[in-house]
>>> print(open('model31.cif').read())   # mmCIF, C-alpha atoms
data_target
#
loop_
_atom_site.label_atom_id
_atom_site.label_comp_id
_atom_site.auth_asym_id
_atom_site.auth_seq_id
_atom_site.Cartn_x
_atom_site.Cartn_y
_atom_site.Cartn_z
CA MET A 9 -12.41 -7.77 14.58
CA LYS A 10 -9.29 -8.45 16.63
CA GLU A 11 -6.07 -6.61 15.78
CA PHE A 12 -3.81 -9.34 14.51
CA LEU A 13 -0.81 -7.87 12.72
CA LYS A 14 0.75 -4.69 14.10
CA ILE A 15 3.57 -2.82 12.37
CA GLU A 16 5.22 0.04 14.25
CA ASP A 17 7.52 2.65 12.65
CA LEU A 18 9.13 0.09 10.35
CA CYS A 19 12.25 1.09 8.40
CA LYS A 20 14.42 -0.89 6.04
CA VAL A 21 17.61 0.58 4.58
CA TYR A 22 19.98 -1.11 2.14
CA GLY A 23 23.57 0.00 1.54
CA LYS A 24 25.49 2.87 3.12
CA HIS A 25 26.36 6.48 2.45
CA GLU A 26 25.89 7.42 -1.23
CA ASN A 27 24.69 3.88 -1.99
CA MET A 28 21.99 3.94 0.69
CA VAL A 29 18.45 3.09 -0.44
CA THR A 30 15.45 3.45 1.88
CA ALA A 31 13.01 0.66 1.01
CA LEU A 32 10.64 1.24 3.96
CA ASP A 33 10.29 4.66 5.54
CA HIS A 34 8.58 4.64 8.97
CA VAL A 35 5.66 2.38 8.03
CA SER A 36 2.98 1.87 10.67
CA LEU A 37 -0.27 -0.03 10.18
CA ASN A 38 -2.55 -2.66 11.72
CA ILE A 39 -4.25 -5.58 9.98
CA GLU A 40 -7.24 -7.29 11.53
CA LYS A 41 -7.55 -11.04 11.92
CA GLY A 42 -9.24 -12.72 8.98
CA ASP A 43 -8.86 -9.75 6.64
CA PHE A 44 -7.94 -10.03 2.97
CA THR A 45 -5.53 -7.14 2.42
CA ALA A 46 -3.97 -6.05 -0.87
CA ILE A 47 -0.72 -4.08 -0.86
CA ILE A 48 -0.25 -2.21 -4.13
CA GLY A 49 2.45 -0.03 -5.61
CA ALA A 50 4.83 0.36 -8.53
CA SER A 51 8.01 -1.69 -8.89
CA GLY A 52 10.55 -0.56 -6.29
CA SER A 53 7.90 1.03 -4.06
CA GLY A 54 8.77 -1.20 -1.08
CA LYS A 55 5.68 -3.42 -1.10
CA SER A 56 7.59 -6.72 -1.42
CA THR A 57 10.11 -5.60 1.20
CA LEU A 58 7.20 -4.98 3.57
CA LEU A 59 5.75 -8.43 2.88
CA HIS A 60 9.10 -10.15 3.43
CA ALA A 61 9.60 -8.25 6.70
CA ILE A 62 6.19 -9.46 7.90
CA ALA A 63 7.15 -13.00 6.90
CA GLY A 64 10.31 -12.93 8.99
CA VAL A 65 12.69 -13.30 6.04
CA ASP A 66 14.01 -9.72 5.72
CA VAL A 67 15.11 -8.20 9.03
CA PRO A 68 14.03 -4.55 9.40
CA THR A 69 16.60 -1.86 10.11
CA SER A 70 14.34 -0.49 12.86
CA GLY A 71 10.75 -0.71 14.06
CA LYS A 72 8.60 -3.55 15.33
CA ILE A 73 6.31 -6.22 13.89
CA TYR A 74 3.87 -8.07 16.14
CA LEU A 75 1.91 -11.10 14.95
CA ASP A 76 -0.90 -12.05 17.32
CA GLY A 77 0.94 -10.22 20.11
CA GLN A 78 4.32 -11.85 19.42
CA ASP A 79 7.29 -9.62 18.64
CA VAL A 80 8.50 -11.36 15.47
CA TYR A 81 12.12 -10.17 15.56
CA ALA A 82 12.60 -10.55 19.31
CA GLN A 83 12.96 -14.30 18.73
CA SER A 84 16.22 -16.20 18.37
CA SER A 85 17.21 -17.17 14.82
CA GLU A 86 16.17 -20.77 15.52
CA LYS A 87 12.73 -19.75 16.79
CA LEU A 88 12.34 -17.30 13.91
CA ALA A 89 12.91 -20.15 11.43
CA ILE A 90 10.22 -22.22 13.18
CA PHE A 91 7.92 -19.17 13.19
CA ARG A 92 8.33 -18.80 9.42
CA ARG A 93 7.46 -22.45 8.80
CA ARG A 94 4.53 -22.74 11.20
CA GLN A 95 2.89 -19.33 11.51
CA VAL A 96 3.39 -17.83 8.05
CA GLY A 97 2.55 -19.20 4.63
CA LEU A 98 4.67 -17.38 2.03
CA ILE A 99 3.93 -17.65 -1.70
CA TYR A 100 6.34 -16.18 -4.23
CA GLN A 101 5.80 -15.14 -7.85
CA PHE A 102 8.16 -17.91 -8.94
CA HIS A 103 7.11 -21.16 -7.38
CA ASN A 104 10.43 -22.15 -5.71
CA LEU A 105 9.53 -25.84 -5.75
CA ILE A 106 12.19 -28.49 -5.14
CA PRO A 107 12.65 -30.05 -8.62
CA THR A 108 13.47 -33.54 -7.31
CA LEU A 109 10.39 -33.74 -5.05
CA ASN A 110 6.93 -34.66 -6.27
CA VAL A 111 3.72 -32.72 -5.55
CA VAL A 112 2.99 -34.34 -2.18
CA GLU A 113 6.62 -34.10 -1.07
CA ASN A 114 6.79 -30.40 -1.97
CA ILE A 115 3.52 -29.63 -0.16
CA THR A 116 4.49 -31.50 3.01
CA LEU A 117 8.09 -30.22 3.08
CA PRO A 118 7.51 -27.63 5.89
CA VAL A 119 6.05 -30.36 8.13
CA LEU A 120 8.86 -32.81 7.38
CA MET A 121 11.49 -30.13 8.06
CA ASP A 122 10.08 -29.92 11.59
CA ARG A 123 10.23 -33.73 11.87
CA ARG A 124 6.51 -33.80 12.52
CA LYS A 125 3.87 -36.23 11.35
CA VAL A 126 1.97 -35.21 8.24
CA ASN A 127 -1.74 -34.57 8.81
CA ARG A 128 -3.07 -36.81 6.02
CA GLU A 129 -6.58 -35.42 6.30
CA ARG A 130 -5.36 -31.86 5.75
CA LEU A 131 -3.11 -32.99 2.90
CA GLU A 132 -6.01 -34.67 1.08
CA GLU A 133 -8.21 -31.63 1.73
CA LEU A 134 -5.59 -29.35 0.18
CA LEU A 135 -5.06 -31.64 -2.82
CA GLU A 136 -8.81 -31.56 -3.44
CA LEU A 137 -9.08 -27.80 -2.94
CA LEU A 138 -6.22 -27.20 -5.38
CA GLY A 139 -7.31 -29.80 -7.92
CA LEU A 140 -4.08 -31.77 -7.59
CA GLN A 141 -5.41 -35.21 -6.60
CA ASP A 142 -4.29 -36.82 -9.87
CA ARG A 143 -0.94 -35.01 -9.88
CA ARG A 144 0.32 -36.11 -6.47
CA THR A 145 3.31 -38.10 -7.79
CA HIS A 146 4.27 -35.64 -10.55
CA LEU A 147 7.53 -33.71 -10.43
CA PRO A 148 7.47 -29.92 -10.97
CA ASN A 149 8.74 -30.21 -14.56
CA GLN A 150 5.71 -32.39 -15.34
CA LEU A 151 3.30 -29.62 -14.27
CA SER A 152 2.03 -26.47 -15.95
CA GLY A 153 2.89 -23.08 -14.47
CA GLY A 154 -0.55 -22.81 -12.92
CA GLN A 155 -0.27 -26.26 -11.37
CA GLN A 156 3.16 -25.43 -9.95
CA GLN A 157 1.72 -22.31 -8.32
CA ARG A 158 -1.06 -24.46 -6.82
CA VAL A 159 1.61 -26.69 -5.28
CA ALA A 160 3.29 -23.59 -3.85
CA ILE A 161 -0.05 -22.54 -2.32
CA GLY A 162 -0.50 -26.02 -0.83
CA ARG A 163 2.98 -25.88 0.69
CA ALA A 164 2.20 -22.46 2.20
CA LEU A 165 -1.05 -23.73 3.72
CA MET A 166 0.09 -27.18 4.90
CA ASN A 167 1.05 -26.02 8.39
CA ALA A 168 -2.28 -24.17 8.84
CA PRO A 169 -0.53 -20.78 9.19
CA GLN A 170 -2.15 -17.80 10.90
CA VAL A 171 -1.41 -15.60 7.90
CA CYS A 172 -0.86 -16.31 4.22
CA LEU A 173 1.41 -13.83 2.39
CA ALA A 174 1.52 -13.84 -1.42
CA ASP A 175 4.08 -11.80 -3.38
CA GLU A 176 2.76 -11.15 -6.91
CA PRO A 177 1.35 -14.71 -7.05
CA THR A 178 0.00 -14.26 -10.60
CA GLY A 179 3.00 -12.40 -12.02
CA SER A 180 4.42 -15.35 -13.97
CA LEU A 181 1.03 -16.69 -15.16
CA ASP A 182 -1.29 -15.91 -18.05
CA SER A 183 -4.60 -14.17 -17.36
CA ARG A 184 -6.71 -17.33 -17.07
CA ASN A 185 -4.33 -19.11 -14.70
CA GLY A 186 -3.81 -15.89 -12.74
CA GLN A 187 -7.55 -15.50 -12.15
CA GLU A 188 -7.75 -19.13 -11.02
CA ILE A 189 -4.92 -18.66 -8.52
CA ILE A 190 -6.65 -15.61 -7.01
CA ARG A 191 -9.88 -17.61 -6.80
CA LEU A 192 -8.08 -20.41 -4.96
CA LEU A 193 -6.41 -17.99 -2.54
CA LYS A 194 -9.76 -16.37 -1.76
CA GLU A 195 -11.39 -19.78 -1.32
CA SER A 196 -8.67 -20.96 1.08
CA HIS A 197 -8.92 -17.63 2.92
CA ARG A 198 -12.63 -18.22 3.50
CA LYS A 199 -12.28 -21.92 4.26
CA TYR A 200 -9.42 -21.67 6.76
CA ARG A 201 -10.21 -18.15 8.05
CA GLN A 202 -6.60 -17.10 7.99
CA SER A 203 -5.50 -13.57 7.24
CA LEU A 204 -4.48 -13.10 3.60
CA VAL A 205 -2.08 -10.40 2.39
CA ILE A 206 -1.36 -10.13 -1.34
CA VAL A 207 1.27 -7.85 -2.87
CA THR A 208 0.23 -6.86 -6.40
CA HIS A 209 0.51 -4.12 -8.98
CA ASP A 210 -2.85 -5.24 -10.45
CA GLU A 211 -5.67 -2.94 -9.37
CA ASN A 212 -8.28 -5.54 -10.42
CA ILE A 213 -6.87 -8.00 -7.90
CA ALA A 214 -6.67 -5.32 -5.23
CA LEU A 215 -10.34 -4.42 -5.72
CA GLN A 216 -11.30 -7.94 -4.60
CA ALA A 217 -9.70 -7.38 -1.16
CA ASP A 218 -11.32 -6.13 2.05
CA ARG A 219 -8.67 -3.42 2.29
CA ILE A 220 -6.18 -1.74 -0.04
CA ILE A 221 -2.86 -0.36 1.22
CA GLY A 222 -0.86 1.69 -1.27
CA ILE A 223 2.93 2.02 -0.95
CA ALA A 224 5.12 4.58 -2.73
CA ASP A 225 8.76 5.37 -1.99
CA GLY A 226 8.59 3.18 1.10
CA LYS A 227 5.66 5.06 2.65
CA VAL A 228 1.97 4.26 3.07
CA VAL A 229 0.14 6.67 0.74
CA ARG A 230 -3.25 4.96 0.59
CA ASP A 231 -5.24 2.99 3.13
CA GLU A 232 -8.87 2.29 2.44
CA ARG A 233 -11.38 -0.37 3.37
CA GLN A 234 -13.55 -1.69 0.58
CA VAL A 235 -17.34 -1.68 0.72
CA ALA A 236 -18.55 -5.15 1.76
CA ARG A 237 -19.25 -7.34 -1.27
CA LEU A 238 -22.19 -9.68 -1.58
#
>>> encode(input="model31.cif", output="structure tokens")
Amino acid sequence: MKEFLKIEDLCKVYGKHENMVTALDHVSLNIEKGDFTAIIGASGSGKSTLLHAIAGVDVPTSGKIYLDGQDVYAQSSEKLAIFRRRQVGLIYQFHNLIPTLNVVENITLPVLMDRRKVNRERLEELLELLGLQDRRTHLPNQLSGGQQQRVAIGRALMNAPQVCLADEPTGSLDSRNGQEIIRLLKESHRKYRQSLVIVTHDENIALQADRIIGIADGKVVRDERQVARL
């Protein structure tokens, strides 16, 4: 497979002097195109900081991130914002939907922010994939937690990003809805052949990935590729 995501000597430090906290400590790793990668670790280990740095939303203190050969943080702030909308699909634990927008409006928001025409075929495909066809005009407060997370997934995938990044996507859901969200993420990963990176503390979710990367105290302490599953 082609090397797709390259992280070189990445550091992220918050605060100064006695208040300084090192969230990422010289992290280096490569992720291949099309891989499903799970990043695991305890709370405060640095796994979410790593994901947000990859997504272009948390600027590293030092080090480099390359996505498909592009130096993510060498871009201007304007181009970085476009990069985040078009090249990366980011899914948070809490859905972050706009409460005054309905399902379709929330899903298509990244396209509309770029003043581009909505691909209706892709929209309908996503609504079908996510089981939201009969919820298209509903507002977020008219949806269950699982349905809101499906909308968040649709929004992340609407621009056909090269990589989908999910930060504890089942953390606010019960077990049944959580399993369904992981199933949908895996299905979209196969269907659209994009790279999928999930941050989780759940070993059962991690075991479904092609590769597990363990983070502790801002360092990579585990990196193993799973045996191919039938």
>>> closest_atom_pairs(input="model31.cif", of="segment 29-97 of chain A", to="segment 226-230 of chain A", cutoff="9 Å", atoms="all atoms listed in the file", output="JSON lines")
{"residue": "A:Thr30", "atom": "CA", "partner": "A:Gly226", "partner_atom": "CA", "distance": 6.9}
{"residue": "A:Ala31", "atom": "CA", "partner": "A:Gly226", "partner_atom": "CA", "distance": 5.1}
{"residue": "A:Leu32", "atom": "CA", "partner": "A:Gly226", "partner_atom": "CA", "distance": 4.0}
{"residue": "A:Asp33", "atom": "CA", "partner": "A:Gly226", "partner_atom": "CA", "distance": 5.0}
{"residue": "A:His34", "atom": "CA", "partner": "A:Lys227", "partner_atom": "CA", "distance": 7.0}
{"residue": "A:Val35", "atom": "CA", "partner": "A:Lys227", "partner_atom": "CA", "distance": 6.0}
{"residue": "A:Ser36", "atom": "CA", "partner": "A:Val228", "partner_atom": "CA", "distance": 8.0}
{"residue": "A:Leu37", "atom": "CA", "partner": "A:Val228", "partner_atom": "CA", "distance": 8.6}
{"residue": "A:Gly52", "atom": "CA", "partner": "A:Gly226", "partner_atom": "CA", "distance": 8.5}
{"residue": "A:Ser53", "atom": "CA", "partner": "A:Gly226", "partner_atom": "CA", "distance": 5.6}
{"residue": "A:Gly54", "atom": "CA", "partner": "A:Gly226", "partner_atom": "CA", "distance": 4.9}
{"residue": "A:Lys55", "atom": "CA", "partner": "A:Gly226", "partner_atom": "CA", "distance": 7.5}
{"residue": "A:Thr57", "atom": "CA", "partner": "A:Gly226", "partner_atom": "CA", "distance": 8.9}
{"residue": "A:Leu58", "atom": "CA", "partner": "A:Gly226", "partner_atom": "CA", "distance": 8.6}
>>> atom_distance(input="model31.cif", atom1="atom CA of Arg201 of chain A", atom2="atom CA of Ala46 of chain A")
16.3 Å
>>> resolve_selection(input="model31.cif", expression="the PyMOL selection byres ((chain A and resi 189) around 9)", output="PyMOL selection string")
chain A and resi 154+157-158+161+177-178+184-188+190-194
>>> residues_around(input="model31.cif", residues="segment 90-105 of chain A", least_positions_apart="5", cutoff="6 Å", atoms="all atoms listed in the file", output="VMD selection string")
chain A and resid 118 157 160 164 to 165 167 169 to 177 179
>>> atom_distance(input="model31.cif", atom1="atom CA of Val205 of chain A", atom2="atom CA of Ala61 of chain A")
12.6 Å
>>> closest_residue(input="model31.cif", among="A:Gly71, A:Gly64, A:Gly222, A:Gly42", to="Ser196 of chain A", atoms="only C-alpha atoms")
A:Gly42
>>> build_atoms(input="model31.cif", residues="segment 11-42 of chain A", atoms="N, CA and C atoms", output="PDB file, keeping the file's coordinate frame")
ATOM      1  N   GLU A  11      -7.329  -7.022  16.396  1.00  0.00           N
ATOM      2  CA  GLU A  11      -6.070  -6.610  15.780  1.00  0.00           C
ATOM      3  C   GLU A  11      -5.114  -7.796  15.809  1.00  0.00           C
ATOM      4  N   PHE A  12      -4.568  -8.106  14.652  1.00  0.00           N
ATOM      5  CA  PHE A  12      -3.810  -9.340  14.510  1.00  0.00           C
ATOM      6  C   PHE A  12      -2.347  -9.074  14.151  1.00  0.00           C
ATOM      7  N   LEU A  13      -2.147  -8.206  13.180  1.00  0.00           N
ATOM      8  CA  LEU A  13      -0.810  -7.870  12.720  1.00  0.00           C
ATOM      9  C   LEU A  13      -0.578  -6.388  12.961  1.00  0.00           C
ATOM     10  N   LYS A  14       0.461  -6.074  13.743  1.00  0.00           N
ATOM     11  CA  LYS A  14       0.750  -4.690  14.100  1.00  0.00           C
ATOM     12  C   LYS A  14       2.167  -4.340  13.655  1.00  0.00           C
ATOM     13  N   ILE A  15       2.283  -3.284  12.870  1.00  0.00           N
ATOM     14  CA  ILE A  15       3.570  -2.820  12.370  1.00  0.00           C
ATOM     15  C   ILE A  15       3.808  -1.425  12.903  1.00  0.00           C
ATOM     16  N   GLU A  16       4.929  -1.237  13.587  1.00  0.00           N
ATOM     17  CA  GLU A  16       5.220   0.040  14.250  1.00  0.00           C
ATOM     18  C   GLU A  16       6.508   0.662  13.707  1.00  0.00           C
ATOM     19  N   ASP A  17       6.378   1.800  13.037  1.00  0.00           N
ATOM     20  CA  ASP A  17       7.520   2.650  12.650  1.00  0.00           C
ATOM     21  C   ASP A  17       8.620   1.836  11.957  1.00  0.00           C
ATOM     22  N   LEU A  18       8.220   1.030  10.988  1.00  0.00           N
ATOM     23  CA  LEU A  18       9.130   0.090  10.350  1.00  0.00           C
ATOM     24  C   LEU A  18       9.994   0.784   9.289  1.00  0.00           C
ATOM     25  N   CYS A  19      11.299   0.565   9.381  1.00  0.00           N
ATOM     26  CA  CYS A  19      12.250   1.090   8.400  1.00  0.00           C
ATOM     27  C   CYS A  19      13.136  -0.034   7.897  1.00  0.00           C
ATOM     28  N   LYS A  20      13.465   0.037   6.614  1.00  0.00           N
ATOM     29  CA  LYS A  20      14.420  -0.890   6.040  1.00  0.00           C
ATOM     30  C   LYS A  20      15.318  -0.117   5.081  1.00  0.00           C
ATOM     31  N   VAL A  21      16.625  -0.153   5.373  1.00  0.00           N
ATOM     32  CA  VAL A  21      17.610   0.580   4.580  1.00  0.00           C
ATOM     33  C   VAL A  21      18.630  -0.415   4.042  1.00  0.00           C
ATOM     34  N   TYR A  22      18.939  -0.305   2.763  1.00  0.00           N
ATOM     35  CA  TYR A  22      19.980  -1.110   2.140  1.00  0.00           C
ATOM     36  C   TYR A  22      21.168  -0.217   1.777  1.00  0.00           C
ATOM     37  N   GLY A  23      22.380  -0.740   1.923  1.00  0.00           N
ATOM     38  CA  GLY A  23      23.570   0.000   1.540  1.00  0.00           C
ATOM     39  C   GLY A  23      23.938   1.089   2.551  1.00  0.00           C
ATOM     40  N   LYS A  24      25.000   1.807   2.233  1.00  0.00           N
ATOM     41  CA  LYS A  24      25.490   2.870   3.120  1.00  0.00           C
ATOM     42  C   LYS A  24      25.908   4.092   2.312  1.00  0.00           C
ATOM     43  N   HIS A  25      25.864   5.218   2.997  1.00  0.00           N
ATOM     44  CA  HIS A  25      26.360   6.480   2.450  1.00  0.00           C
ATOM     45  C   HIS A  25      25.687   6.788   1.101  1.00  0.00           C
ATOM     46  N   GLU A  26      26.487   7.033   0.054  1.00  0.00           N
ATOM     47  CA  GLU A  26      25.890   7.420  -1.230  1.00  0.00           C
ATOM     48  C   GLU A  26      25.149   6.275  -1.896  1.00  0.00           C
ATOM     49  N   ASN A  27      25.382   5.053  -1.434  1.00  0.00           N
ATOM     50  CA  ASN A  27      24.690   3.880  -1.990  1.00  0.00           C
ATOM     51  C   ASN A  27      23.454   3.489  -1.185  1.00  0.00           C
ATOM     52  N   MET A  28      23.104   4.294  -0.196  1.00  0.00           N
ATOM     53  CA  MET A  28      21.990   3.940   0.690  1.00  0.00           C
ATOM     54  C   MET A  28      20.645   4.097  -0.030  1.00  0.00           C
ATOM     55  N   VAL A  29      19.807   3.071   0.123  1.00  0.00           N
ATOM     56  CA  VAL A  29      18.450   3.090  -0.440  1.00  0.00           C
ATOM     57  C   VAL A  29      17.476   2.801   0.698  1.00  0.00           C
ATOM     58  N   THR A  30      16.481   3.652   0.860  1.00  0.00           N
ATOM     59  CA  THR A  30      15.450   3.450   1.880  1.00  0.00           C
ATOM     60  C   THR A  30      14.261   2.746   1.245  1.00  0.00           C
ATOM     61  N   ALA A  31      14.096   1.460   1.585  1.00  0.00           N
ATOM     62  CA  ALA A  31      13.010   0.660   1.010  1.00  0.00           C
ATOM     63  C   ALA A  31      11.706   0.839   1.787  1.00  0.00           C
ATOM     64  N   LEU A  32      11.810   0.984   3.113  1.00  0.00           N
ATOM     65  CA  LEU A  32      10.640   1.240   3.960  1.00  0.00           C
ATOM     66  C   LEU A  32      10.959   2.434   4.842  1.00  0.00           C
ATOM     67  N   ASP A  33      10.036   3.387   4.884  1.00  0.00           N
ATOM     68  CA  ASP A  33      10.290   4.660   5.540  1.00  0.00           C
ATOM     69  C   ASP A  33       9.220   4.927   6.605  1.00  0.00           C
ATOM     70  N   HIS A  34       9.463   4.410   7.823  1.00  0.00           N
ATOM     71  CA  HIS A  34       8.580   4.640   8.970  1.00  0.00           C
ATOM     72  C   HIS A  34       7.132   4.214   8.680  1.00  0.00           C
ATOM     73  N   VAL A  35       6.994   2.940   8.325  1.00  0.00           N
ATOM     74  CA  VAL A  35       5.660   2.380   8.030  1.00  0.00           C
ATOM     75  C   VAL A  35       5.007   1.910   9.310  1.00  0.00           C
ATOM     76  N   SER A  36       3.779   2.337   9.532  1.00  0.00           N
ATOM     77  CA  SER A  36       2.980   1.870  10.670  1.00  0.00           C
ATOM     78  C   SER A  36       1.580   1.535  10.173  1.00  0.00           C
ATOM     79  N   LEU A  37       1.091   0.349  10.528  1.00  0.00           N
ATOM     80  CA  LEU A  37      -0.270  -0.030  10.180  1.00  0.00           C
ATOM     81  C   LEU A  37      -0.680  -1.265  10.971  1.00  0.00           C
ATOM     82  N   ASN A  38      -1.980  -1.483  11.057  1.00  0.00           N
ATOM     83  CA  ASN A  38      -2.550  -2.660  11.720  1.00  0.00           C
ATOM     84  C   ASN A  38      -3.415  -3.411  10.723  1.00  0.00           C
ATOM     85  N   ILE A  39      -3.384  -4.739  10.806  1.00  0.00           N
ATOM     86  CA  ILE A  39      -4.250  -5.580   9.980  1.00  0.00           C
ATOM     87  C   ILE A  39      -5.059  -6.480  10.901  1.00  0.00           C
ATOM     88  N   GLU A  40      -6.346  -6.524  10.669  1.00  0.00           N
ATOM     89  CA  GLU A  40      -7.240  -7.290  11.530  1.00  0.00           C
ATOM     90  C   GLU A  40      -7.256  -8.763  11.155  1.00  0.00           C
ATOM     91  N   LYS A  41      -7.530  -9.583  12.119  1.00  0.00           N
ATOM     92  CA  LYS A  41      -7.550 -11.040  11.920  1.00  0.00           C
ATOM     93  C   LYS A  41      -8.639 -11.417  10.925  1.00  0.00           C
ATOM     94  N   GLY A  42      -8.280 -12.248   9.961  1.00  0.00           N
ATOM     95  CA  GLY A  42      -9.240 -12.720   8.980  1.00  0.00           C
ATOM     96  C   GLY A  42      -9.417 -11.818   7.784  1.00  0.00           C
TER      97      GLY A  42
END
